[in-house]
file input-v3.tsv (TSV, C-alpha atoms and all ligand atoms)
chain	number	residue	atom	x	y	z
F	301	MET	CA	80.21	9.98	197.63
F	302	GLU	CA	79.51	7.21	195.14
F	303	ARG	CA	81.89	4.32	194.75
F	304	TRP	CA	83.09	5.50	191.31
F	305	GLN	CA	84.02	8.87	192.79
F	306	ARG	CA	86.21	7.15	195.37
F	307	THR	CA	87.79	4.98	192.69
F	308	LEU	CA	88.49	8.08	190.63
F	309	SER	CA	90.36	9.67	193.51
F	310	GLU	CA	92.81	6.76	193.33
F	311	SER	CA	93.96	7.80	189.85
F	312	ILE	CA	97.63	8.48	189.15
F	313	THR	CA	98.20	12.22	188.91
F	314	SER	CA	101.91	12.76	189.57
F	315	LEU	CA	105.21	11.68	188.06
F	316	GLY	CA	106.31	10.47	191.48
F	317	GLU	CA	103.47	7.96	191.63
F	318	LEU	CA	104.07	6.94	188.04
F	319	ALA	CA	107.76	6.32	188.69
F	320	ARG	CA	106.90	3.81	191.39
F	321	PHE	CA	105.43	1.56	188.69
F	322	LEU	CA	107.19	2.47	185.45
F	323	PRO	CA	110.77	3.19	184.41
F	324	ILE	CA	110.31	6.86	183.52
F	325	HIS	CA	112.69	9.79	183.81
F	326	ILE	CA	110.97	12.22	186.14
F	327	GLY	CA	113.31	15.17	185.50
F	328	SER	CA	112.80	15.32	181.76
F	329	LEU	CA	109.03	14.89	182.01
F	330	ARG	CA	108.51	17.58	184.65
F	331	PRO	CA	108.19	20.44	182.10
F	332	VAL	CA	105.77	18.30	180.08
F	333	VAL	CA	103.32	17.76	182.93
F	334	ALA	CA	103.73	21.39	184.03
F	335	LEU	CA	102.09	22.28	180.72
F	336	TYR	CA	99.87	19.24	180.18
F	337	PRO	CA	98.96	17.53	183.45
F	338	LEU	CA	99.02	13.82	183.99
F	339	ARG	CA	95.97	11.81	184.95
F	340	ILE	CA	95.40	8.07	184.52
F	341	THR	CA	92.77	5.92	186.19
F	342	SER	CA	93.99	2.78	187.94
F	343	TYR	CA	91.93	0.76	185.50
F	344	TYR	CA	93.40	2.29	182.34
F	345	PHE	CA	96.90	2.13	183.84
F	346	SER	CA	96.42	-1.61	184.47
F	347	LEU	CA	96.07	-2.14	180.70
F	348	ILE	CA	99.71	-1.18	180.05
F	349	ARG	CA	101.73	-4.28	179.28
F	350	GLU	CA	105.10	-2.88	178.33
F	351	ARG	CA	107.03	0.28	177.62
F	352	GLY	CA	105.77	2.11	174.55
F	353	ASP	CA	102.77	-0.12	173.95
F	354	PRO	CA	99.56	1.42	172.54
F	355	ILE	CA	98.10	2.12	175.97
F	356	TRP	CA	101.36	3.63	177.25
F	357	ARG	CA	101.62	5.93	174.24
F	358	GLN	CA	98.10	7.26	174.76
F	359	CYS	CA	98.43	8.21	178.43
F	360	ILE	CA	102.10	8.48	179.52
F	361	PRO	CA	103.64	11.96	179.06
F	362	ASP	CA	106.25	12.21	176.31
F	363	ILE	CA	109.01	14.79	175.94
F	364	ARG	CA	107.98	15.35	172.30
F	365	GLU	CA	104.80	17.09	173.52
F	366	ILE	CA	106.80	20.23	174.31
F	367	GLU	CA	109.05	20.29	171.25
F	368	GLU	CA	108.46	23.33	169.05
F	369	ASP	CA	106.08	22.16	166.32
F	370	HIS	CA	104.66	25.45	164.94
F	371	LEU	CA	101.16	24.03	165.34
F	372	SER	CA	98.17	25.97	166.65
F	373	PRO	CA	96.66	25.51	170.09
F	374	ASP	CA	93.21	25.78	168.48
F	375	PRO	CA	93.46	24.74	164.81
F	376	LEU	CA	89.72	24.17	164.46
F	377	ASP	CA	89.07	27.73	165.65
F	378	GLU	CA	86.68	26.50	168.30
F	379	GLU	CA	87.03	29.89	170.00
F	380	GLY	CA	85.78	31.56	166.83
F	381	PHE	CA	82.72	29.32	166.63
F	382	SER	CA	81.74	29.88	170.23
F	383	PRO	CA	78.94	32.46	170.33
F	384	VAL	CA	78.55	32.10	174.13
F	385	PRO	CA	80.85	30.41	176.66
F	386	ASN	CA	80.90	26.60	176.58
F	387	LEU	CA	78.96	26.32	173.32
F	388	LEU	CA	80.36	25.55	169.85
F	389	HIS	CA	78.05	26.28	166.96
F	390	ARG	CA	79.60	25.55	163.59
F	391	TYR	CA	76.92	23.65	161.68
F	392	PRO	CA	73.46	25.23	161.53
F	393	ASP	CA	71.47	22.29	162.89
F	394	ARG	CA	73.70	21.00	165.68
F	395	ALA	CA	75.71	22.49	168.50
F	396	VAL	CA	78.28	21.21	170.98
F	397	LEU	CA	77.79	21.97	174.66
F	398	LEU	CA	80.94	21.73	176.77
F	399	VAL	CA	79.61	20.55	180.10
F	400	SER	CA	82.70	19.19	181.79
F	401	SER	CA	86.19	20.49	182.23
F	402	SER	CA	87.98	17.27	182.98
F	403	CYS	CA	88.52	13.65	182.00
F	404	PRO	CA	89.37	10.60	184.10
F	405	THR	CA	92.40	9.87	181.92
F	406	PHE	CA	94.05	12.66	179.96
F	407	CYS	CA	94.90	11.48	176.46
F	408	ARG	CA	98.24	12.84	175.33
F	409	PHE	CA	96.87	13.37	171.79
F	410	CYS	CA	93.78	15.33	172.90
F	411	THR	CA	92.56	17.95	170.43
F	412	ARG	CA	91.60	20.23	173.31
F	413	LYS	CA	94.82	19.71	175.25
F	414	ASN	CA	95.78	23.37	175.03
F	415	ARG	CA	92.37	24.58	176.14
F	416	LEU	CA	91.42	21.86	178.56
F	417	ILE	CA	94.07	19.70	180.08
F	418	ASN	CA	96.57	22.52	180.40
F	419	GLY	CA	94.68	23.69	183.42
F	420	LYS	CA	92.72	26.48	181.78
F	421	ARG	CA	89.61	24.85	183.11
F	422	ILE	CA	86.36	25.51	181.36
F	423	SER	CA	84.46	27.35	184.03
F	424	LEU	CA	80.95	26.02	184.32
F	425	LYS	CA	77.85	26.73	186.40
F	426	ASP	CA	76.58	30.22	185.46
F	427	SER	CA	78.09	30.08	181.97
F	428	LEU	CA	75.98	27.04	181.11
F	429	ASP	CA	72.85	29.15	181.63
F	430	GLY	CA	73.97	31.43	178.81
F	431	ALA	CA	74.48	28.45	176.53
F	432	ILE	CA	71.02	27.07	177.35
F	433	ARG	CA	69.44	30.48	176.67
F	434	TYR	CA	71.28	30.62	173.32
F	435	LEU	CA	69.90	27.19	172.41
F	436	GLU	CA	66.37	28.22	173.40
F	437	LYS	CA	66.62	31.15	171.01
F	438	SER	CA	68.10	29.10	168.11
F	439	PRO	CA	65.27	27.10	166.51
F	440	MET	CA	67.51	25.83	163.71
F	441	VAL	CA	69.48	23.75	166.22
F	442	GLN	CA	67.92	20.30	166.37
F	443	GLU	CA	70.66	18.30	168.04
F	444	VAL	CA	72.95	19.02	170.97
F	445	ILE	CA	76.18	17.12	171.53
F	446	LEU	CA	77.45	17.07	175.10
F	447	SER	CA	81.22	17.12	175.20
F	448	GLY	CA	84.01	18.63	177.27
F	449	GLY	CA	86.05	17.18	178.94
F	450	ASP	CA	84.02	14.09	179.62
F	451	PRO	CA	80.31	14.69	180.32
F	452	LEU	CA	80.04	11.47	182.31
F	453	LEU	CA	82.38	12.87	184.97
F	454	LEU	CA	79.42	14.94	186.16
F	455	SER	CA	77.31	13.39	188.88
F	456	ASP	CA	74.10	11.62	187.84
F	457	GLU	CA	72.11	14.53	189.32
F	458	GLU	CA	74.00	17.27	187.47
F	459	LEU	CA	73.80	15.42	184.18
F	460	ASP	CA	70.12	14.68	184.70
F	461	ARG	CA	69.47	18.38	185.28
F	462	ILE	CA	71.27	19.40	182.08
F	463	LEU	CA	69.59	16.73	179.96
F	464	ALA	CA	66.16	17.66	181.36
F	465	LYS	CA	66.75	21.33	180.53
F	466	LEU	CA	67.69	20.42	176.97
F	467	LYS	CA	64.69	18.13	176.62
F	468	GLY	CA	62.52	21.05	177.63
F	469	ILE	CA	63.58	22.97	174.50
F	470	PRO	CA	60.93	22.05	171.93
F	471	HIS	CA	63.06	22.25	168.76
F	472	LEU	CA	65.78	19.92	170.09
F	473	GLN	CA	65.03	16.49	168.69
F	474	VAL	CA	68.13	14.45	169.48
F	475	LEU	CA	70.75	14.47	172.23
F	476	ARG	CA	74.21	13.00	171.90
F	477	ILE	CA	76.92	12.42	174.49
F	478	ASN	CA	80.57	12.07	173.50
F	479	THR	CA	82.48	10.15	176.16
F	480	ARG	CA	85.63	8.08	176.50
F	481	ILE	CA	84.57	6.84	179.92
F	482	PRO	CA	83.56	3.30	178.86
F	483	VAL	CA	87.18	2.96	177.67
F	484	THR	CA	89.20	4.69	180.38
F	485	PHE	CA	86.93	4.45	183.42
F	486	PRO	CA	84.26	1.76	182.96
F	487	GLU	CA	83.46	1.76	186.70
F	488	ARG	CA	81.56	5.00	186.05
F	489	ILE	CA	78.91	3.20	183.98
F	490	THR	CA	76.61	2.23	186.83
F	491	SER	CA	73.05	0.93	186.72
F	492	GLY	CA	71.94	4.21	188.32
F	493	LEU	CA	73.54	6.20	185.51
F	494	CYS	CA	71.89	4.01	182.87
F	495	ARG	CA	68.47	4.32	184.56
F	496	MET	CA	68.81	8.10	184.47
F	497	LEU	CA	70.08	8.27	180.87
F	498	LYS	CA	67.22	6.19	179.48
F	499	GLN	CA	64.75	8.85	180.69
F	500	HIS	CA	66.19	11.17	178.06
F	501	HIS	CA	65.71	9.33	174.79
F	502	PRO	CA	66.33	9.79	171.91
F	503	LEU	CA	69.84	9.86	173.34
F	504	TYR	CA	72.90	8.64	171.47
F	505	VAL	CA	76.33	7.94	172.91
F	506	ASN	CA	79.53	8.05	170.92
F	507	THR	CA	82.50	6.57	172.66
F	508	HIS	CA	86.18	6.52	171.77
F	509	PHE	CA	88.09	3.23	171.49
F	510	ASN	CA	91.46	3.45	169.75
F	511	HIS	CA	92.94	-0.01	170.13
F	512	PRO	CA	91.79	-3.64	170.58
F	513	LEU	CA	93.71	-3.76	173.90
F	514	GLU	CA	91.05	-1.37	175.22
F	515	ILE	CA	88.34	-3.96	174.65
F	516	THR	CA	88.24	-5.81	177.95
F	517	ARG	CA	85.66	-7.54	180.10
F	518	GLU	CA	85.10	-4.23	181.92
F	519	SER	CA	84.74	-1.96	178.89
F	520	SER	CA	82.54	-4.56	177.14
F	521	GLU	CA	80.27	-4.69	180.18
F	522	ALA	CA	80.06	-0.88	180.29
F	523	CYS	CA	78.95	-0.81	176.64
F	524	ALA	CA	76.47	-3.63	177.24
F	525	MET	CA	74.84	-1.69	180.08
F	526	LEU	CA	74.45	1.41	177.92
F	527	ALA	CA	73.13	-0.62	174.99
F	528	ASP	CA	70.68	-2.41	177.29
F	529	ALA	CA	69.37	1.04	178.29
F	530	GLY	CA	68.37	1.41	174.64
F	531	ILE	CA	71.17	3.83	173.79
F	532	PRO	CA	72.55	3.47	170.25
F	533	LEU	CA	76.33	3.40	170.56
F	534	GLY	CA	78.84	4.74	168.06
F	535	ASN	CA	82.61	5.00	168.16
F	536	GLN	CA	85.08	7.67	167.13
F	537	THR	CA	88.68	6.54	166.73
F	538	VAL	CA	91.63	8.84	166.23
F	539	LEU	CA	94.27	7.63	163.79
F	540	LEU	CA	97.44	7.62	165.88
F	541	ARG	CA	100.98	6.86	164.79
F	542	GLU	CA	102.36	3.73	166.41
F	543	VAL	CA	99.08	3.13	168.20
F	544	ASN	CA	96.59	2.07	165.55
F	545	ASP	CA	98.00	3.12	162.15
F	546	ASP	CA	98.14	-0.50	161.05
F	547	PRO	CA	95.34	-1.97	158.92
F	548	GLU	CA	95.31	-5.26	160.81
F	549	VAL	CA	94.98	-3.50	164.18
F	550	MET	CA	92.23	-1.25	162.86
F	551	LYS	CA	90.40	-4.18	161.27
F	552	GLU	CA	90.43	-6.07	164.55
F	553	LEU	CA	89.25	-3.00	166.48
F	554	MET	CA	86.34	-2.29	164.13
F	555	LYS	CA	85.20	-5.92	164.08
F	556	LYS	CA	85.35	-6.24	167.85
F	557	LEU	CA	83.38	-3.02	168.33
F	558	LEU	CA	80.45	-4.56	166.45
F	559	THR	CA	80.43	-7.48	168.91
F	560	LEU	CA	80.03	-4.87	171.68
F	561	ARG	CA	77.01	-3.40	169.84
F	562	VAL	CA	79.11	-0.33	169.07
F	563	ARG	CA	78.89	0.93	165.50
F	564	PRO	CA	82.14	2.46	164.16
F	565	TYR	CA	81.25	6.05	163.17
F	566	TYR	CA	84.40	8.05	162.46
F	567	ILE	CA	88.14	7.54	162.16
F	568	HIS	CA	89.61	11.01	162.65
F	569	GLN	CA	92.75	12.24	161.02
F	570	MET	CA	94.80	13.75	163.88
F	571	ASP	CA	94.02	17.44	164.20
F	572	GLN	CA	97.08	19.65	163.77
F	573	VAL	CA	97.14	20.62	167.41
F	574	LYS	CA	100.15	21.99	169.24
F	575	GLY	CA	101.82	19.31	171.32
F	576	THR	CA	100.57	16.28	169.38
F	577	ASN	CA	102.74	16.19	166.25
F	578	HIS	CA	104.38	12.87	167.09
F	579	PHE	CA	100.99	11.15	166.79
F	580	ARG	CA	100.31	12.33	163.25
F	581	THR	CA	100.40	10.12	160.14
F	582	SER	CA	99.93	11.13	156.51
F	583	VAL	CA	96.47	11.24	155.00
F	584	GLU	CA	97.60	8.72	152.36
F	585	ARG	CA	98.35	6.26	155.12
F	586	GLY	CA	94.79	6.64	156.36
F	587	ILE	CA	93.43	6.22	152.84
F	588	ARG	CA	95.46	3.03	152.33
F	589	MET	CA	94.10	1.73	155.59
F	590	MET	CA	90.51	2.40	154.59
F	591	ARG	CA	91.13	0.48	151.35
F	592	ARG	CA	92.19	-2.48	153.44
F	593	LEU	CA	88.93	-2.34	155.43
F	594	ARG	CA	86.42	-1.85	152.64
F	595	GLY	CA	85.11	-5.17	151.38
F	596	HIS	CA	87.21	-7.15	153.84
F	597	ILE	CA	85.01	-6.64	156.88
F	598	SER	CA	81.29	-6.09	157.45
F	599	GLY	CA	80.05	-2.84	155.97
F	600	MET	CA	78.60	-2.08	159.41
F	601	ALA	CA	82.14	-2.07	160.80
F	602	ILE	CA	83.40	0.57	158.36
F	603	PRO	CA	83.47	4.15	159.63
F	604	TYR	CA	84.01	7.34	157.68
F	605	TYR	CA	87.60	8.52	157.65
F	606	VAL	CA	87.33	12.27	158.28
F	607	ILE	CA	89.51	15.35	158.42
F	608	ASP	CA	88.28	18.24	160.52
F	609	LEU	CA	89.43	21.15	158.39
F	610	PRO	CA	91.51	23.88	160.02
F	611	GLY	CA	89.74	27.16	160.73
F	612	GLY	CA	86.41	25.54	161.44
F	613	LYS	CA	85.62	24.70	157.81
F	614	GLY	CA	84.01	21.45	158.85
F	615	LYS	CA	84.57	17.72	158.75
F	616	VAL	CA	85.21	16.10	155.39
F	617	PRO	CA	84.88	12.38	154.80
F	618	ILE	CA	87.91	11.29	152.81
F	619	LEU	CA	87.04	9.16	149.84
F	620	PRO	CA	90.18	8.44	147.83
F	621	GLU	CA	88.75	9.89	144.60
F	622	ASP	CA	88.07	13.27	146.31
F	623	VAL	CA	91.65	14.05	147.19
F	624	ARG	CA	94.02	16.04	145.02
F	625	ARG	CA	97.60	16.55	146.18
F	626	GLU	CA	100.05	19.22	145.06
F	627	GLY	CA	103.31	18.88	146.95
F	628	LYS	CA	102.60	19.40	150.60
F	629	THR	CA	99.03	20.55	150.07
F	630	LEU	CA	95.86	18.52	149.71
F	631	TYR	CA	92.77	20.05	148.10
F	632	LEU	CA	89.52	18.87	149.69
F	633	ARG	CA	85.91	19.79	149.03
F	634	ASN	CA	83.85	20.53	152.17
F	635	TYR	CA	80.10	20.36	152.84
F	636	LEU	CA	79.59	23.85	151.40
F	637	GLY	CA	81.24	22.80	148.12
F	638	GLU	CA	84.31	24.94	148.83
F	639	VAL	CA	87.69	23.60	147.79
F	640	VAL	CA	89.86	23.99	150.89
F	641	GLU	CA	93.62	23.70	151.15
F	642	TYR	CA	94.85	21.29	153.77
F	643	PRO	CA	98.57	21.43	154.62
F	644	ASP	CA	99.81	17.86	154.98
F	645	ASP	CA	103.50	17.22	155.22
F	646	GLY	CA	102.84	13.62	156.11
F	647	GLY	CA	103.81	14.06	159.75
F	648	GLY	CA	107.19	12.66	158.76
F	649	ASP	CA	105.84	9.61	156.88
S	701	LIG	C1	82.12	17.26	164.87
S	701	LIG	C2	81.26	18.35	165.23
S	701	LIG	C3	79.87	18.22	165.22
S	701	LIG	C4	79.17	16.91	164.90
S	701	LIG	O1	79.39	16.52	163.60
S	701	LIG	P1	78.79	15.14	163.07
S	701	LIG	O2	79.39	15.00	161.73
S	701	LIG	O3	77.31	15.29	163.08
S	701	LIG	O4	79.23	14.07	164.03
S	701	LIG	C5	79.11	19.33	165.54
S	701	LIG	N1	79.68	20.51	165.85
S	701	LIG	C6	81.02	20.66	165.87
S	701	LIG	C7	81.58	21.99	166.22
S	701	LIG	C8	81.85	19.58	165.57
S	701	LIG	O5	83.18	19.75	165.60
S	702	LIG	S1	88.86	11.74	176.78
S	702	LIG	FE1	88.60	13.05	174.99
S	702	LIG	S2	88.49	15.18	175.80
S	702	LIG	FE2	89.36	13.84	177.42
S	702	LIG	S3	91.59	13.98	177.18
S	702	LIG	FE3	90.90	12.18	176.01
S	702	LIG	S4	90.59	12.95	173.93
S	702	LIG	FE4	90.65	14.75	175.30
call {"tool": "encode", "arguments": {"input": "input-v3.tsv", "output": "structure tokens", "more": "lines below"}}
Ligand SMILES: *Cc1c(COP(=O)(O)O)cnc(C)c1O
Ligand code: SF4
result
Amino acid sequence: MERWQRTLSESITSLGELARFLPIHIGSLRPVVALYPLRITSYYFSLIRERGDPIWRQCIPDIREIEEDHLSPDPLDEEGFSPVPNLLHRYPDRAVLLVSSSCPTFCRFCTRKNRLINGKRISLKDSLDGAIRYLEKSPMVQEVILSGGDPLLLSDEELDRILAKLKGIPHLQVLRINTRIPVTFPERITSGLCRMLKQHHPLYVNTHFNHPLEITRESSEACAMLADAGIPLGNQTVLLREVNDDPEVMKELMKKLLTLRVRPYYIHQMDQVKGTNHFRTSVERGIRMMRRLRGHISGMAIPYYVIDLPGGKGKVPILPEDVRREGKTLYLRNYLGEVVEYPDDGGGD
């Protein structure tokens, strides 16, 4: 067992453990974790400073997760775009391979919380063979994005095997890994991992910082090790109410990411996923925030603000001039030129 695997086994996974450190009400949270389990690494937990701070909100269970919200467990219709198990193929030239069924810290706002962290584990092993065969027979796919769960929870050997298989498919030109591990579990970024990853270039890594409090000595070092292995680093942030929906916070985060050699890539509007409504802000709030970034910080620090349209209609970068609102509906144009309705009640804004 590697050291990071031992460290991982010290994570907080029960309300009882949590209550030893934090003033929480176990009884009222029990039905929440019955549906959406609790998991927090010691490292990420150590970043909490006080009740309700941005780290707390991202990882501590909240009673609002089980309030009736009439939202879908799978608003992006990922099931519908899954031709074989563990593969999502929505855009012609790139596909998402779900290689891991778990994460070191479960984010309470996770888009896949109803398919992943509710215990319906993605079952792997044999089903990955089907996905690889599908990719071999799909010459239009030029890029594969490893996701999950967190791909870096696999052992170095397992990950190496998957990456080598993908590299053996001639039409795949670029590999990408989406991981929040530099943020929630930086101990996992070892020199051995980096040595293995750099055998598989061109390999890109997109990570997921949401708040400046997540930029620490440890997470900075993890990013530095990946960057030193020649891996271009990007970042995807989710716009979260009372976590980072403040232009000054976002400005600081984006600027600091550049100093870590991490290029801000996307700010995601919260997907309309069951159990996450209390994290949602209005699209206008996001647009106002982007206005406060543009021109005020380095162009390299400015990501696209995107909505992933319901029903698998694709991601749309939101440029203020593209948006038309009628009451509670926005009209957005997607990459196919279709005008798509997007229900936006402002999440209570
Ligand atoms: C987001 C996403 C991608 C990648 O999109 P990019 O805009 O290239 O980052 C690919 N496939 C699916 C299903 C996605 O949701
Ligand atoms: S790391 Fe990503 S996949 Fe895992 S719980 Fe957080 S948001 Fe979901």
call {"tool": "residues_around", "arguments": {"input": "input-v3.tsv", "residues": "range 609-619 of chain F", "least_positions_apart": "6", "cutoff": "7 Å", "atoms": "only C-alpha atoms", "output": "mmCIF file with C-alpha atoms, in the coordinates of the input"}}
result
data_model
loop_
_atom_site.group_PDB
_atom_site.id
_atom_site.type_symbol
_atom_site.label_atom_id
_atom_site.label_comp_id
_atom_site.auth_asym_id
_atom_site.auth_seq_id
_atom_site.Cartn_x
_atom_site.Cartn_y
_atom_site.Cartn_z
ATOM 1 C CA PRO F 375 93.460 24.740 164.810
ATOM 2 C CA LEU F 376 89.720 24.170 164.460
ATOM 3 C CA ASP F 377 89.070 27.730 165.650
ATOM 4 C CA GLU F 378 86.680 26.500 168.300
ATOM 5 C CA ASN F 634 83.850 20.530 152.170
#
call {"tool": "residues_near_ligand", "arguments": {"input": "input-v3.tsv", "ligand": "ligand LIG 702 (chain S)", "cutoff": "8 Å", "atoms": "all atoms listed in the file", "output": "compact mmCIF listing (two decimals) with C-alpha atoms, keeping the file's coordinate frame"}}
result
# COMPACT_ATOMS: atom_id res chain seq x y z
CA SER F 402 87.98 17.27 182.98
CA CYS F 403 88.52 13.65 182.00
CA PRO F 404 89.37 10.60 184.10
CA THR F 405 92.40 9.87 181.92
CA PHE F 406 94.05 12.66 179.96
CA CYS F 407 94.90 11.48 176.46
CA ARG F 408 98.24 12.84 175.33
CA PHE F 409 96.87 13.37 171.79
CA CYS F 410 93.78 15.33 172.90
CA THR F 411 92.56 17.95 170.43
CA ARG F 412 91.60 20.23 173.31
CA LYS F 413 94.82 19.71 175.25
CA LEU F 416 91.42 21.86 178.56
CA ILE F 417 94.07 19.70 180.08
CA SER F 447 81.22 17.12 175.20
CA GLY F 448 84.01 18.63 177.27
CA GLY F 449 86.05 17.18 178.94
CA ASP F 450 84.02 14.09 179.62
CA THR F 479 82.48 10.15 176.16
CA ARG F 480 85.63 8.08 176.50
CA ILE F 481 84.57 6.84 179.92
CA THR F 484 89.20 4.69 180.38
CA HIS F 508 86.18 6.52 171.77
call {"tool": "residues_near_ligand", "arguments": {"input": "input-v3.tsv", "ligand": "ligand LIG 701 (chain S)", "cutoff": "6 Å", "atoms": "only C-alpha atoms and all ligand atoms", "output": "PDB file with C-alpha atoms, keeping the file's coordinate frame"}}
result
ATOM      1  CA  LEU F 388      80.360  25.550 169.850  1.00  0.00           C
ATOM      2  CA  HIS F 389      78.050  26.280 166.960  1.00  0.00           C
ATOM      3  CA  ARG F 390      79.600  25.550 163.590  1.00  0.00           C
ATOM      4  CA  TYR F 391      76.920  23.650 161.680  1.00  0.00           C
ATOM      5  CA  ARG F 394      73.700  21.000 165.680  1.00  0.00           C
ATOM      6  CA  ALA F 395      75.710  22.490 168.500  1.00  0.00           C
ATOM      7  CA  VAL F 396      78.280  21.210 170.980  1.00  0.00           C
TER       8      VAL F 396
END
call {"tool": "closest_residue", "arguments": {"input": "input-v3.tsv", "among": "F:Ala601, F:Leu315, F:Val583, F:Leu387", "to": "Ser328 in chain F", "atoms": "only C-alpha atoms"}}
result
F:Leu315
call {"tool": "atom_distance", "arguments": {"input": "input-v3.tsv", "atom1": "CA of Asp528 in chain F", "atom2": "CA of Arg561 in chain F"}}
result
9.8 Å
call {"tool": "closest_residue", "arguments": {"input": "input-v3.tsv", "among": "F:Pro383, F:Pro451, F:Asp460, F:His511", "to": "Ser427 in chain F", "atoms": "all atoms listed in the file"}}
result
F:Pro383
call {"tool": "closest_residue", "arguments": {"input": "input-v3.tsv", "among": "F:Leu318, F:Cys359, F:Leu472, F:Val640", "to": "Glu443 in chain F", "atoms": "all atoms listed in the file"}}
result
F:Leu472
call {"tool": "closest_atom_pairs", "arguments": {"input": "input-v3.tsv", "of": "range 509-610 of chain F", "to": "range 621-631 of chain F", "cutoff": "12 Å", "atoms": "all atoms listed in the file", "output": "JSON lines"}}
result
{"residue": "F:Ser582", "atom": "CA", "partner": "F:Lys628", "partner_atom": "CA", "distance": 10.5}
{"residue": "F:Val583", "atom": "CA", "partner": "F:Leu630", "partner_atom": "CA", "distance": 9.0}
{"residue": "F:Glu584", "atom": "CA", "partner": "F:Val623", "partner_atom": "CA", "distance": 9.5}
{"residue": "F:Ile587", "atom": "CA", "partner": "F:Val623", "partner_atom": "CA", "distance": 9.8}
{"residue": "F:Arg591", "atom": "CA", "partner": "F:Glu621", "partner_atom": "CA", "distance": 11.8}
{"residue": "F:Ile607", "atom": "CA", "partner": "F:Leu630", "partner_atom": "CA", "distance": 11.2}
{"residue": "F:Leu609", "atom": "CA", "partner": "F:Tyr631", "partner_atom": "CA", "distance": 10.9}
call {"tool": "residues_around", "arguments": {"input": "input-v3.tsv", "residues": "Ser455 in chain F", "least_positions_apart": "4", "cutoff": "12 Å", "atoms": "only C-alpha atoms", "output": "PyMOL selection string"}}
result
chain F and resi 301-305+399-400+450-451+459-462+488-490+492-493+496-497
call {"tool": "atom_distance", "arguments": {"input": "input-v3.tsv", "atom1": "CA of His325 in chain F", "atom2": "CA of Ile363 in chain F"}}
result
10.0 Å
call {"tool": "residues_around", "arguments": {"input": "input-v3.tsv", "residues": "range 437-440 of chain F", "least_positions_apart": "4", "cutoff": "8 Å", "atoms": "only C-alpha atoms", "output": "list in words"}}
result
Pro392, Asp393, Arg433 and His471 of chain F
